[in-house]
Each structure stands twice: as structure tokens, then as C-alpha cells.
file protein_32.pdb (PDB, C-alpha atoms)
ATOM      1  CA  MET A 113      15.013 -12.558 -23.145
ATOM      2  CA  TRP A 114      14.296  -8.938 -22.238
ATOM      3  CA  ASN A 115      10.823  -9.695 -20.869
ATOM      4  CA  GLU A 116      12.238 -12.429 -18.616
ATOM      5  CA  GLN A 117      14.870 -10.048 -17.237
ATOM      6  CA  LEU A 118      12.255  -7.371 -16.635
ATOM      7  CA  SER A 119       9.988  -9.722 -14.683
ATOM      8  CA  ARG A 120      12.618 -10.905 -12.197
ATOM      9  CA  GLN A 121      11.702  -8.267  -9.611
ATOM     10  CA  GLY A 122       8.129  -7.378  -8.774
ATOM     11  CA  LEU A 123       6.697  -3.899  -8.293
ATOM     12  CA  PHE A 124       5.608  -2.464  -4.945
ATOM     13  CA  ILE A 125       2.285  -0.632  -5.400
ATOM     14  CA  VAL A 126       1.948   1.583  -2.346
ATOM     15  CA  ILE A 127      -1.547   2.918  -1.688
ATOM     16  CA  SER A 128      -2.295   5.419   1.075
ATOM     17  CA  GLY A 129      -5.139   7.713   1.995
ATOM     18  CA  PRO A 130      -6.873   9.096   5.065
ATOM     19  CA  SER A 131      -9.431   7.071   6.965
ATOM     20  CA  GLY A 132     -12.712   7.485   5.102
ATOM     21  CA  SER A 133     -11.127   7.789   1.661
ATOM     22  CA  GLY A 134     -12.372   4.319   0.764
ATOM     23  CA  LYS A 135      -8.919   2.927   0.015
ATOM     24  CA  THR A 136      -9.693  -0.536   1.412
ATOM     25  CA  SER A 137     -12.688  -0.952  -0.908
ATOM     26  CA  VAL A 138     -10.685   0.356  -3.863
ATOM     27  CA  VAL A 139      -7.770  -1.991  -3.167
ATOM     28  CA  ARG A 140     -10.180  -4.928  -2.924
ATOM     29  CA  ALA A 141     -11.663  -4.022  -6.313
ATOM     30  CA  VAL A 142      -8.186  -3.694  -7.856
ATOM     31  CA  CYS A 143      -7.123  -7.127  -6.603
ATOM     32  CA  GLU A 144     -10.366  -8.711  -7.822
ATOM     33  CA  ALA A 145      -9.798  -7.199 -11.275
ATOM     34  CA  ASP A 146      -6.140  -8.256 -11.500
ATOM     35  CA  THR A 147      -5.626 -11.608  -9.802
ATOM     36  CA  THR A 148      -1.876 -11.553 -10.545
ATOM     37  CA  LEU A 149      -1.472  -8.971  -7.783
ATOM     38  CA  THR A 150      -0.487  -9.970  -4.256
ATOM     39  CA  HIS A 151      -2.196  -7.972  -1.495
ATOM     40  CA  SER A 152       0.166  -7.757   1.457
ATOM     41  CA  ILE A 153      -1.516  -8.378   4.823
ATOM     42  CA  SER A 154      -0.179  -6.002   7.467
ATOM     43  CA  ALA A 155       0.765  -6.934  11.008
ATOM     44  CA  THR A 156      -0.743  -5.088  13.963
ATOM     45  CA  THR A 157      -0.871  -5.183  17.734
ATOM     46  CA  ARG A 158      -4.436  -3.909  17.966
ATOM     47  CA  PRO A 159      -7.039  -6.503  18.979
ATOM     48  CA  PRO A 160      -9.185  -8.039  16.241
ATOM     49  CA  ARG A 161     -12.530  -6.386  15.575
ATOM     50  CA  PRO A 162     -15.673  -8.526  15.314
ATOM     51  CA  GLY A 163     -15.454 -10.690  12.219
ATOM     52  CA  GLU A 164     -11.732 -10.157  11.640
ATOM     53  CA  ILE A 165      -9.583 -13.261  11.131
ATOM     54  CA  ASP A 166      -5.895 -13.659  11.859
ATOM     55  CA  GLU A 167      -3.765 -13.894   8.668
ATOM     56  CA  VAL A 168      -6.782 -12.836   6.592
ATOM     57  CA  ASN A 169      -7.451  -9.273   7.737
ATOM     58  CA  TYR A 170      -4.206  -8.764   9.671
ATOM     59  CA  HIS A 171      -1.379 -10.700  11.247
ATOM     60  CA  PHE A 172      -2.324 -10.042  14.866
ATOM     61  CA  LEU A 173       0.749  -9.892  17.107
ATOM     62  CA  SER A 174       1.436  -9.080  20.738
ATOM     63  CA  SER A 175       3.333  -5.872  21.442
ATOM     64  CA  SER A 176       6.357  -7.846  22.656
ATOM     65  CA  ALA A 177       6.417  -9.994  19.500
ATOM     66  CA  PHE A 178       6.120  -6.902  17.298
ATOM     67  CA  GLU A 179       8.900  -5.078  19.141
ATOM     68  CA  GLU A 180      11.158  -8.132  18.895
ATOM     69  CA  LEU A 181      10.615  -8.189  15.123
ATOM     70  CA  ILE A 182      11.516  -4.482  14.969
ATOM     71  CA  GLN A 183      14.814  -5.238  16.719
ATOM     72  CA  ARG A 184      15.502  -8.118  14.320
ATOM     73  CA  GLY A 185      14.761  -6.004  11.238
ATOM     74  CA  GLY A 186      11.723  -8.080  10.390
ATOM     75  CA  PHE A 187       9.663  -5.226   8.947
ATOM     76  CA  LEU A 188       9.877  -3.551   5.570
ATOM     77  CA  GLU A 189       8.149  -0.590   7.225
ATOM     78  CA  TRP A 190       6.332   0.015  10.476
ATOM     79  CA  THR A 191       4.617   2.781  12.400
ATOM     80  CA  LYS A 192       2.703   3.353  15.615
ATOM     81  CA  TYR A 193      -0.756   4.862  15.673
ATOM     82  CA  GLY A 194      -2.146   5.545  19.129
ATOM     83  CA  ASP A 195      -1.265   2.597  21.328
ATOM     84  CA  HIS A 196      -0.842   0.089  18.527
ATOM     85  CA  TYR A 197       1.855  -0.864  16.024
ATOM     86  CA  TYR A 198       1.273  -1.517  12.315
ATOM     87  CA  GLY A 199       3.812  -2.846   9.847
ATOM     88  CA  THR A 200       4.669  -4.878   6.747
ATOM     89  CA  LEU A 201       6.465  -8.145   7.437
ATOM     90  CA  LYS A 202       9.423  -8.858   5.169
ATOM     91  CA  SER A 203       8.584 -12.561   5.398
ATOM     92  CA  VAL A 204       5.203 -11.839   3.788
ATOM     93  CA  VAL A 205       6.288  -9.705   0.829
ATOM     94  CA  LYS A 206       9.779 -11.016  -0.007
ATOM     95  CA  PRO A 207       8.703 -14.354  -1.577
ATOM     96  CA  ALA A 208       6.210 -12.593  -3.846
ATOM     97  CA  ILE A 209       8.422  -9.703  -4.925
ATOM     98  CA  THR A 210      11.496 -11.880  -5.640
ATOM     99  CA  SER A 211       9.386 -14.247  -7.748
ATOM    100  CA  GLY A 212       8.327 -11.304  -9.928
ATOM    101  CA  ARG A 213       4.834 -10.757  -8.542
ATOM    102  CA  ASP A 214       3.595  -7.204  -7.984
ATOM    103  CA  VAL A 215       2.601  -6.472  -4.387
ATOM    104  CA  ILE A 216      -0.008  -3.971  -3.176
ATOM    105  CA  LEU A 217       0.745  -2.361   0.173
ATOM    106  CA  GLU A 218      -2.130  -0.479   1.788
ATOM    107  CA  ILE A 219      -0.172   1.515   4.356
ATOM    108  CA  ASP A 220      -0.172   4.916   6.021
ATOM    109  CA  VAL A 221       1.963   7.850   4.931
ATOM    110  CA  HIS A 222       4.706   7.272   7.513
ATOM    111  CA  GLY A 223       5.226   3.685   6.429
ATOM    112  CA  ALA A 224       5.117   4.776   2.800
ATOM    113  CA  MET A 225       7.902   7.290   3.372
ATOM    114  CA  GLN A 226      10.035   4.594   4.996
ATOM    115  CA  LEU A 227       9.528   2.417   1.938
ATOM    116  CA  LYS A 228      10.281   5.285  -0.424
ATOM    117  CA  ALA A 229      13.618   5.855   1.299
ATOM    118  CA  LEU A 230      14.619   2.284   0.382
ATOM    119  CA  ALA A 231      14.502   3.211  -3.332
ATOM    120  CA  LEU A 232      12.910  -0.096  -4.339
ATOM    121  CA  ARG A 233      10.987  -0.591  -7.582
ATOM    122  CA  SER A 234       7.737   1.004  -6.492
ATOM    123  CA  VAL A 235       4.895   3.386  -7.323
ATOM    124  CA  PHE A 236       3.114   5.559  -4.746
ATOM    125  CA  ILE A 237      -0.607   6.298  -5.119
ATOM    126  CA  PHE A 238      -2.659   8.552  -2.823
ATOM    127  CA  ILE A 239      -6.435   8.131  -2.635
ATOM    128  CA  LEU A 240      -8.635  11.113  -1.802
ATOM    129  CA  PRO A 241     -12.384  11.700  -1.517
ATOM    130  CA  PRO A 242     -13.801  14.548  -3.650
ATOM    131  CA  SER A 243     -13.772  16.899  -0.647
ATOM    132  CA  PHE A 244     -12.887  17.049   3.033
ATOM    133  CA  ALA A 245     -16.571  17.577   3.846
ATOM    134  CA  LEU A 246     -17.382  14.267   2.171
ATOM    135  CA  LEU A 247     -14.571  12.594   4.095
ATOM    136  CA  GLU A 248     -16.109  13.785   7.363
ATOM    137  CA  LYS A 249     -19.540  12.602   6.232
ATOM    138  CA  ARG A 250     -18.217   9.138   5.439
ATOM    139  CA  LEU A 251     -16.555   8.848   8.841
ATOM    140  CA  ARG A 252     -19.699   9.973  10.641
ATOM    141  CA  ASN A 253     -21.853   7.547   8.677
ATOM    142  CA  ARG A 254     -19.671   4.626   9.748
ATOM    143  CA  LYS A 255     -20.707   5.242  13.379
ATOM    144  CA  THR A 256     -17.726   3.258  14.621
ATOM    145  CA  GLU A 257     -15.982   6.025  16.589
ATOM    146  CA  SER A 258     -16.918   8.293  19.434
ATOM    147  CA  ASP A 259     -16.974  12.014  18.677
ATOM    148  CA  PRO A 260     -13.516  12.601  20.247
ATOM    149  CA  GLU A 261     -12.088   9.727  18.189
ATOM    150  CA  LEU A 262     -13.761  11.119  15.071
ATOM    151  CA  GLN A 263     -12.129  14.491  15.672
ATOM    152  CA  ARG A 264      -8.753  12.796  16.097
ATOM    153  CA  ARG A 265      -9.240  10.981  12.793
ATOM    154  CA  LEU A 266     -10.109  14.223  11.023
ATOM    155  CA  LEU A 267      -7.011  15.935  12.407
ATOM    156  CA  ARG A 268      -4.918  12.934  11.372
ATOM    157  CA  ALA A 269      -6.455  13.076   7.885
ATOM    158  CA  LYS A 270      -5.391  16.706   7.501
ATOM    159  CA  SER A 271      -1.844  15.868   8.571
ATOM    160  CA  GLU A 272      -1.706  12.881   6.181
ATOM    161  CA  ILE A 273      -2.930  14.813   3.137
ATOM    162  CA  VAL A 274       0.118  17.073   3.427
ATOM    163  CA  TYR A 275       2.237  14.083   2.349
ATOM    164  CA  ILE A 276       0.530  13.877  -1.049
ATOM    165  CA  LYS A 277       3.419  15.866  -2.549
ATOM    166  CA  ASN A 278       5.647  12.818  -1.995
ATOM    167  CA  TYR A 279       3.424  10.497  -4.041
ATOM    168  CA  ASP A 280       3.499   9.783  -7.770
ATOM    169  CA  TYR A 281      -0.251   9.760  -8.427
ATOM    170  CA  CYS A 282      -3.494  10.969  -6.867
ATOM    171  CA  VAL A 283      -6.768   9.113  -7.471
ATOM    172  CA  ILE A 284     -10.100  10.639  -6.451
ATOM    173  CA  ASN A 285     -12.561   8.107  -5.075
ATOM    174  CA  PRO A 286     -16.068   9.569  -5.553
ATOM    175  CA  ASP A 287     -19.208   8.395  -3.791
ATOM    176  CA  ASN A 288     -20.309   5.099  -5.359
ATOM    177  CA  GLY A 289     -17.241   5.300  -7.577
ATOM    178  CA  VAL A 290     -15.051   2.463  -6.305
ATOM    179  CA  GLU A 291     -14.889   0.789  -9.728
ATOM    180  CA  GLU A 292     -13.896   4.065 -11.381
ATOM    181  CA  ALA A 293     -11.074   4.616  -8.884
ATOM    182  CA  ALA A 294      -9.977   0.985  -9.224
ATOM    183  CA  GLN A 295      -9.776   1.301 -13.011
ATOM    184  CA  GLN A 296      -7.575   4.380 -12.697
ATOM    185  CA  ILE A 297      -5.191   2.473 -10.445
ATOM    186  CA  LEU A 298      -5.143  -0.491 -12.840
ATOM    187  CA  HIS A 299      -4.135   1.885 -15.649
ATOM    188  CA  ILE A 300      -1.348   3.276 -13.456
ATOM    189  CA  ILE A 301      -0.091  -0.231 -12.673
ATOM    190  CA  SER A 302      -0.137  -1.142 -16.359
ATOM    191  CA  ALA A 303       1.938   1.922 -17.221
ATOM    192  CA  GLU A 304       4.412   1.326 -14.370
ATOM    193  CA  ARG A 305       4.972  -2.256 -15.513
ATOM    194  CA  CYS A 306       6.207  -0.819 -18.822
ATOM    195  CA  ARG A 307       8.439   1.812 -17.236
ATOM    196  CA  ILE A 308      12.092   1.628 -18.284
ATOM    197  CA  ASN A 309      14.253   0.599 -15.335
ATOM    198  CA  HIS A 310      17.768  -0.655 -14.680
ATOM    199  CA  GLN A 311      16.768  -4.310 -15.069
ATOM    200  CA  LEU A 312      15.583  -3.752 -18.628
ATOM    201  CA  LEU A 313      18.582  -1.580 -19.468
ATOM    202  CA  GLU A 314      20.987  -4.213 -18.125
ATOM    203  CA  SER A 315      19.238  -6.886 -20.166
ATOM    204  CA  ILE A 316      19.448  -4.824 -23.364
ATOM    205  CA  SER A 317      23.111  -4.030 -22.692
ATOM    206  CA  HIS A 318      23.827  -7.732 -22.179
ATOM    207  CA  GLU A 319      22.092  -8.634 -25.462
ATOM    208  CA  PHE A 320      24.040  -5.988 -27.388
ATOM    209  CA  SER A 321      27.340  -7.182 -25.935
ATOM    210  CA  ARG A 322      26.902 -10.706 -27.297
ATOM    211  CA  PRO A 323      28.992 -11.614 -30.372
ATOM    212  CA  TYR A 324      27.067 -12.165 -33.597
TER     213      TYR A 324
END
call {"tool": "encode", "arguments": {"input": "protein_32.pdb", "output": "C-alpha cells"}}
result
Amino acid sequence: MWNEQLSRQGLFIVISGPSGSGKTSVVRAVCEADTTLTHSISATTRPPRPGEIDEVNYHFLSSSAFEELIQRGGFLEWTKYGDHYYGTLKSVVKPAITSGRDVILEIDVHGAMQLKALALRSVFIFILPPSFALLEKRLRNRKTESDPELQRRLLRAKSEIVYIKNYDYCVINPDNGVEEAAQQILHIISAERCRINHQLLESISHEFSRPY
């Protein structure tokens, strides 16, 4: 059946955005609305923050363990921010994607570009706040960074936004608008699931080649 052939390989839904764009809240709302989605948990070498749980918020690894996995090709993508590594473990996403489940990756622009170079079945979505001024306001209101760290985050945000040209879609996340942004992403996912790809074409070709 064509629908069975189409569902053999899942879709990578790559979501990026600068710190303060609200992407984590949006991704959470998307996954709550569509429970068929698998949210990939990233690996990191940074220490857990208060309340964070290993294998729930992140896979917390030592630097040596992370670097060994890099050498073994254990990451789908990885990057280094400051003194810490971040990456997507192949062992986490492969079982889901090969079973036909769609996987959400909440990763930074550098990891996203690594994934894009692999030419896998994927869609790339960039989340933005309505303005840069609002982004700065959100970061300041969090009160989790010193002023020098805040300035570094703002500079990083500017450098990340440049990459938006490499994404397929842009979703604006307004203040108190997480549900609105989540609905836009759900519509994008729905459309991408119907996109014609080589799996469907091969299935149709196979059906047409059968004797009648």
C-alpha cells in the first residue's frame, strides 16, 4: 500500500531560534498537541541546573564521554557553545525515525546545518520573537544571566538569525502566544507529512509495474 510505503521513514522536524524566542515552550506545546511526535532529548556536557533530570531534560555526559562518541560517530549533529558540548545522539533518534515516527529536534543553527547537509527527510523551522527589543526584554526578565552573559547571548542571537535564510519556515512567537505558534508548526508538520518524496514515488512506480 502507498500509505505503508510512505510511513516507513519518519520526518525530522528541526526547530531552532535564539535564546529568548520561546522555542522550548512552543515545542512542548506542539508535542502535547500531537502525541505521535517524538521529542529528541539532546546530550550535553554542561552540569544540570536545579530541577533538571538526566534523560528527561538532557543526557548529561562528561566531556571525555562526549568526545569519545564524536570519534565513534555517535552523533547525528553536535556543536560546542562556550565550554560545553551539545548534540543529538544517533542511538536516541534512530529507533524512532526508522519505525516511521516523526522526531522533533530542538537544536541550534550549527547543528541544524549539519543535519541539513545529510539530506535526510526533514523540515527546518525557525522561531522568532516579534522584535529584537522583545527578545532582549525576555532575556532580561529571566534574570538567569549576568549582564556580560546577557550581552553574549544577544550577540549570539544576532549571529543565529542570519541563518534563517537556510530554513524552510519562520514562525513568530508573540508574547502570550505559545499556542498560536504551536498551531502554526502543527500545520507545517501536517503539510510536510503529505509532501511527495522518493518513497511515495517508488511505491507508486512499483504498483504500476505489477501485471494486471
call {"tool": "residues_around", "arguments": {"input": "protein_32.pdb", "residues": "stretch 182-185 of chain A", "least_positions_apart": "6", "cutoff": "10 Å", "atoms": "all atoms listed in the file", "output": "list of chain:residue names"}}
result
A:Ser176, A:Gly199, A:Leu201, A:Lys202
call {"tool": "atom_distance", "arguments": {"input": "protein_32.pdb", "atom1": "atom CA of A:Phe187", "atom2": "atom CA of A:Asn278"}}
result
21.5 Å
call {"tool": "residues_around", "arguments": {"input": "protein_32.pdb", "residues": "A:Pro286", "least_positions_apart": "2", "cutoff": "6 Å", "atoms": "only C-alpha atoms", "output": "number ranges by chain"}}
result
A: 241-242, 289
call {"tool": "residues_around", "arguments": {"input": "protein_32.pdb", "residues": "A:Ser174", "least_positions_apart": "3", "cutoff": "7 Å", "atoms": "only C-alpha atoms", "output": "ChimeraX atom specification"}}
result
/A:157,177-178
call {"tool": "residues_near_point", "arguments": {"input": "protein_32.pdb", "point": "(8.2, -5.4, 4.3)", "cutoff": "9 Å", "atoms": "all atoms listed in the file", "output": "VMD selection string"}}
result
chain A and resid 152 154 186 to 190 199 to 206 227
call {"tool": "atom_distance", "arguments": {"input": "protein_32.pdb", "atom1": "atom CA of A:Thr136", "atom2": "atom CA of A:Gly122"}}
result
21.6 Å
call {"tool": "resolve_selection", "arguments": {"input": "protein_32.pdb", "expression": "the PyMOL selection byres ((chain A and resi 250) around 10)", "output": "PyMOL selection string"}}
result
chain A and resi 131-134+241+244-249+251-255+287
call {"tool": "write_last_selection", "arguments": {"input": "protein_32.pdb", "atoms": "C-alpha atoms", "output": "PDB file, in the frame of the given file"}}
result
ATOM      1  CA  SER A 131      -9.431   7.071   6.965  1.00  0.00           C
ATOM      2  CA  GLY A 132     -12.712   7.485   5.102  1.00  0.00           C
ATOM      3  CA  SER A 133     -11.127   7.789   1.661  1.00  0.00           C
ATOM      4  CA  GLY A 134     -12.372   4.319   0.764  1.00  0.00           C
ATOM      5  CA  PRO A 241     -12.384  11.700  -1.517  1.00  0.00           C
ATOM      6  CA  PHE A 244     -12.887  17.049   3.033  1.00  0.00           C
ATOM      7  CA  ALA A 245     -16.571  17.577   3.846  1.00  0.00           C
ATOM      8  CA  LEU A 246     -17.382  14.267   2.171  1.00  0.00           C
ATOM      9  CA  LEU A 247     -14.571  12.594   4.095  1.00  0.00           C
ATOM     10  CA  GLU A 248     -16.109  13.785   7.363  1.00  0.00           C
ATOM     11  CA  LYS A 249     -19.540  12.602   6.232  1.00  0.00           C
ATOM     12  CA  LEU A 251     -16.555   8.848   8.841  1.00  0.00           C
ATOM     13  CA  ARG A 252     -19.699   9.973  10.641  1.00  0.00           C
ATOM     14  CA  ASN A 253     -21.853   7.547   8.677  1.00  0.00           C
ATOM     15  CA  ARG A 254     -19.671   4.626   9.748  1.00  0.00           C
ATOM     16  CA  LYS A 255     -20.707   5.242  13.379  1.00  0.00           C
ATOM     17  CA  ASP A 287     -19.208   8.395  -3.791  1.00  0.00           C
TER      18      ASP A 287
END
call {"tool": "residues_around", "arguments": {"input": "protein_32.pdb", "residues": "A:Glu272", "least_positions_apart": "4", "cutoff": "8 Å", "atoms": "all atoms listed in the file", "output": "list of chain:residue names"}}
result
A:Gly129, A:Pro130, A:Val221, A:Arg268, A:Ile276
call {"tool": "axis_aligned_box", "arguments": {"input": "protein_32.pdb", "around": "stretch 194-198 of chain A", "padding_each_side": "5 Å", "output": "AutoDock Vina command-line options"}}
result
--center_x -0.1 --center_y 2.0 --center_z 16.8 --size_x 14.0 --size_y 17.1 --size_z 19.0
call {"tool": "atom_distance", "arguments": {"input": "protein_32.pdb", "atom1": "atom CA of A:Gln121", "atom2": "atom CA of A:Thr210"}}
result
5.4 Å
call {"tool": "closest_residue", "arguments": {"input": "protein_32.pdb", "among": "A:Arg233, A:Leu267, A:Ile127, A:Ala145", "to": "A:Arg213", "atoms": "all atoms listed in the file"}}
result
A:Arg233
call {"tool": "resolve_selection", "arguments": {"input": "protein_32.pdb", "expression": "the PyMOL selection byres ((chain A and resi 239) around 7)", "output": "number ranges by chain"}}
result
A: 128-129, 133, 135, 237-238, 240, 282-285
call {"tool": "residues_near_point", "arguments": {"input": "protein_32.pdb", "point": "(13.1, -14.6, -7.9)", "cutoff": "9 Å", "atoms": "all atoms listed in the file", "output": "PyMOL selection string"}}
result
chain A and resi 119-122+207-212
call {"tool": "write_last_selection", "arguments": {"input": "protein_32.pdb", "atoms": "C-alpha atoms", "output": "mmCIF file, keeping the file's coordinate frame"}}
result
data_model
loop_
_atom_site.group_PDB
_atom_site.id
_atom_site.type_symbol
_atom_site.label_atom_id
_atom_site.label_comp_id
_atom_site.auth_asym_id
_atom_site.auth_seq_id
_atom_site.Cartn_x
_atom_site.Cartn_y
_atom_site.Cartn_z
ATOM 1 C CA SER A 119 9.988 -9.722 -14.683
ATOM 2 C CA ARG A 120 12.618 -10.905 -12.197
ATOM 3 C CA GLN A 121 11.702 -8.267 -9.611
ATOM 4 C CA GLY A 122 8.129 -7.378 -8.774
ATOM 5 C CA PRO A 207 8.703 -14.354 -1.577
ATOM 6 C CA ALA A 208 6.210 -12.593 -3.846
ATOM 7 C CA ILE A 209 8.422 -9.703 -4.925
ATOM 8 C CA THR A 210 11.496 -11.880 -5.640
ATOM 9 C CA SER A 211 9.386 -14.247 -7.748
ATOM 10 C CA GLY A 212 8.327 -11.304 -9.928
#
call {"tool": "closest_residue", "arguments": {"input": "protein_32.pdb", "among": "A:Ile273, A:Val126, A:Val168, A:Leu298", "to": "A:Glu144", "atoms": "all atoms listed in the file"}}
result
A:Leu298
call {"tool": "closest_residue", "arguments": {"input": "protein_32.pdb", "among": "A:Arg307, A:His151, A:Lys277, A:Arg140", "to": "A:Met225", "atoms": "all atoms listed in the file"}}
result
A:Lys277
call {"tool": "closest_residue", "arguments": {"input": "protein_32.pdb", "among": "A:Ile153, A:Leu181, A:Leu262, A:Val274", "to": "A:His222", "atoms": "all atoms listed in the file"}}
result
A:Val274
call {"tool": "closest_residue", "arguments": {"input": "protein_32.pdb", "among": "A:Val138, A:Arg161, A:Tyr170, A:Ser234", "to": "A:Tyr279", "atoms": "only C-alpha atoms"}}
result
A:Ser234
call {"tool": "build_atoms", "arguments": {"input": "protein_32.pdb", "residues": "stretch 242-256 of chain A", "atoms": "N, CA and C atoms", "output": "PDB file, keeping the file's coordinate frame"}}
result
ATOM      1  N   PRO A 242     -13.656  13.298  -2.891  1.00  0.00           N
ATOM      2  CA  PRO A 242     -13.801  14.548  -3.650  1.00  0.00           C
ATOM      3  C   PRO A 242     -13.628  15.806  -2.809  1.00  0.00           C
ATOM      4  N   SER A 243     -13.901  15.724  -1.511  1.00  0.00           N
ATOM      5  CA  SER A 243     -13.772  16.899  -0.647  1.00  0.00           C
ATOM      6  C   SER A 243     -13.570  16.451   0.800  1.00  0.00           C
ATOM      7  N   PHE A 244     -13.060  17.368   1.620  1.00  0.00           N
ATOM      8  CA  PHE A 244     -12.887  17.049   3.033  1.00  0.00           C
ATOM      9  C   PHE A 244     -14.237  16.907   3.723  1.00  0.00           C
ATOM     10  N   ALA A 245     -15.228  17.672   3.271  1.00  0.00           N
ATOM     11  CA  ALA A 245     -16.571  17.577   3.846  1.00  0.00           C
ATOM     12  C   ALA A 245     -17.142  16.182   3.627  1.00  0.00           C
ATOM     13  N   LEU A 246     -16.890  15.612   2.448  1.00  0.00           N
ATOM     14  CA  LEU A 246     -17.382  14.267   2.171  1.00  0.00           C
ATOM     15  C   LEU A 246     -16.626  13.237   3.000  1.00  0.00           C
ATOM     16  N   LEU A 247     -15.346  13.478   3.228  1.00  0.00           N
ATOM     17  CA  LEU A 247     -14.571  12.594   4.095  1.00  0.00           C
ATOM     18  C   LEU A 247     -15.181  12.552   5.494  1.00  0.00           C
ATOM     19  N   GLU A 248     -15.491  13.721   6.031  1.00  0.00           N
ATOM     20  CA  GLU A 248     -16.109  13.785   7.363  1.00  0.00           C
ATOM     21  C   GLU A 248     -17.451  13.080   7.372  1.00  0.00           C
ATOM     22  N   LYS A 249     -18.227  13.250   6.323  1.00  0.00           N
ATOM     23  CA  LYS A 249     -19.540  12.602   6.232  1.00  0.00           C
ATOM     24  C   LYS A 249     -19.393  11.082   6.243  1.00  0.00           C
ATOM     25  N   ARG A 250     -18.430  10.587   5.486  1.00  0.00           N
ATOM     26  CA  ARG A 250     -18.217   9.138   5.439  1.00  0.00           C
ATOM     27  C   ARG A 250     -17.837   8.592   6.802  1.00  0.00           C
ATOM     28  N   LEU A 251     -16.968   9.307   7.519  1.00  0.00           N
ATOM     29  CA  LEU A 251     -16.555   8.848   8.841  1.00  0.00           C
ATOM     30  C   LEU A 251     -17.725   8.857   9.820  1.00  0.00           C
ATOM     31  N   ARG A 252     -18.543   9.894   9.740  1.00  0.00           N
ATOM     32  CA  ARG A 252     -19.699   9.973  10.641  1.00  0.00           C
ATOM     33  C   ARG A 252     -20.710   8.870  10.334  1.00  0.00           C
ATOM     34  N   ASN A 253     -20.877   8.571   9.062  1.00  0.00           N
ATOM     35  CA  ASN A 253     -21.853   7.547   8.677  1.00  0.00           C
ATOM     36  C   ASN A 253     -21.433   6.145   9.097  1.00  0.00           C
ATOM     37  N   ARG A 254     -20.139   5.946   9.306  1.00  0.00           N
ATOM     38  CA  ARG A 254     -19.671   4.626   9.748  1.00  0.00           C
ATOM     39  C   ARG A 254     -20.134   4.315  11.166  1.00  0.00           C
ATOM     40  N   LYS A 255     -20.236   5.360  11.994  1.00  0.00           N
ATOM     41  CA  LYS A 255     -20.707   5.242  13.379  1.00  0.00           C
ATOM     42  C   LYS A 255     -19.898   4.202  14.159  1.00  0.00           C
ATOM     43  N   THR A 256     -18.600   4.199  13.918  1.00  0.00           N
ATOM     44  CA  THR A 256     -17.726   3.258  14.621  1.00  0.00           C
ATOM     45  C   THR A 256     -16.829   3.948  15.637  1.00  0.00           C
TER      46      THR A 256
END
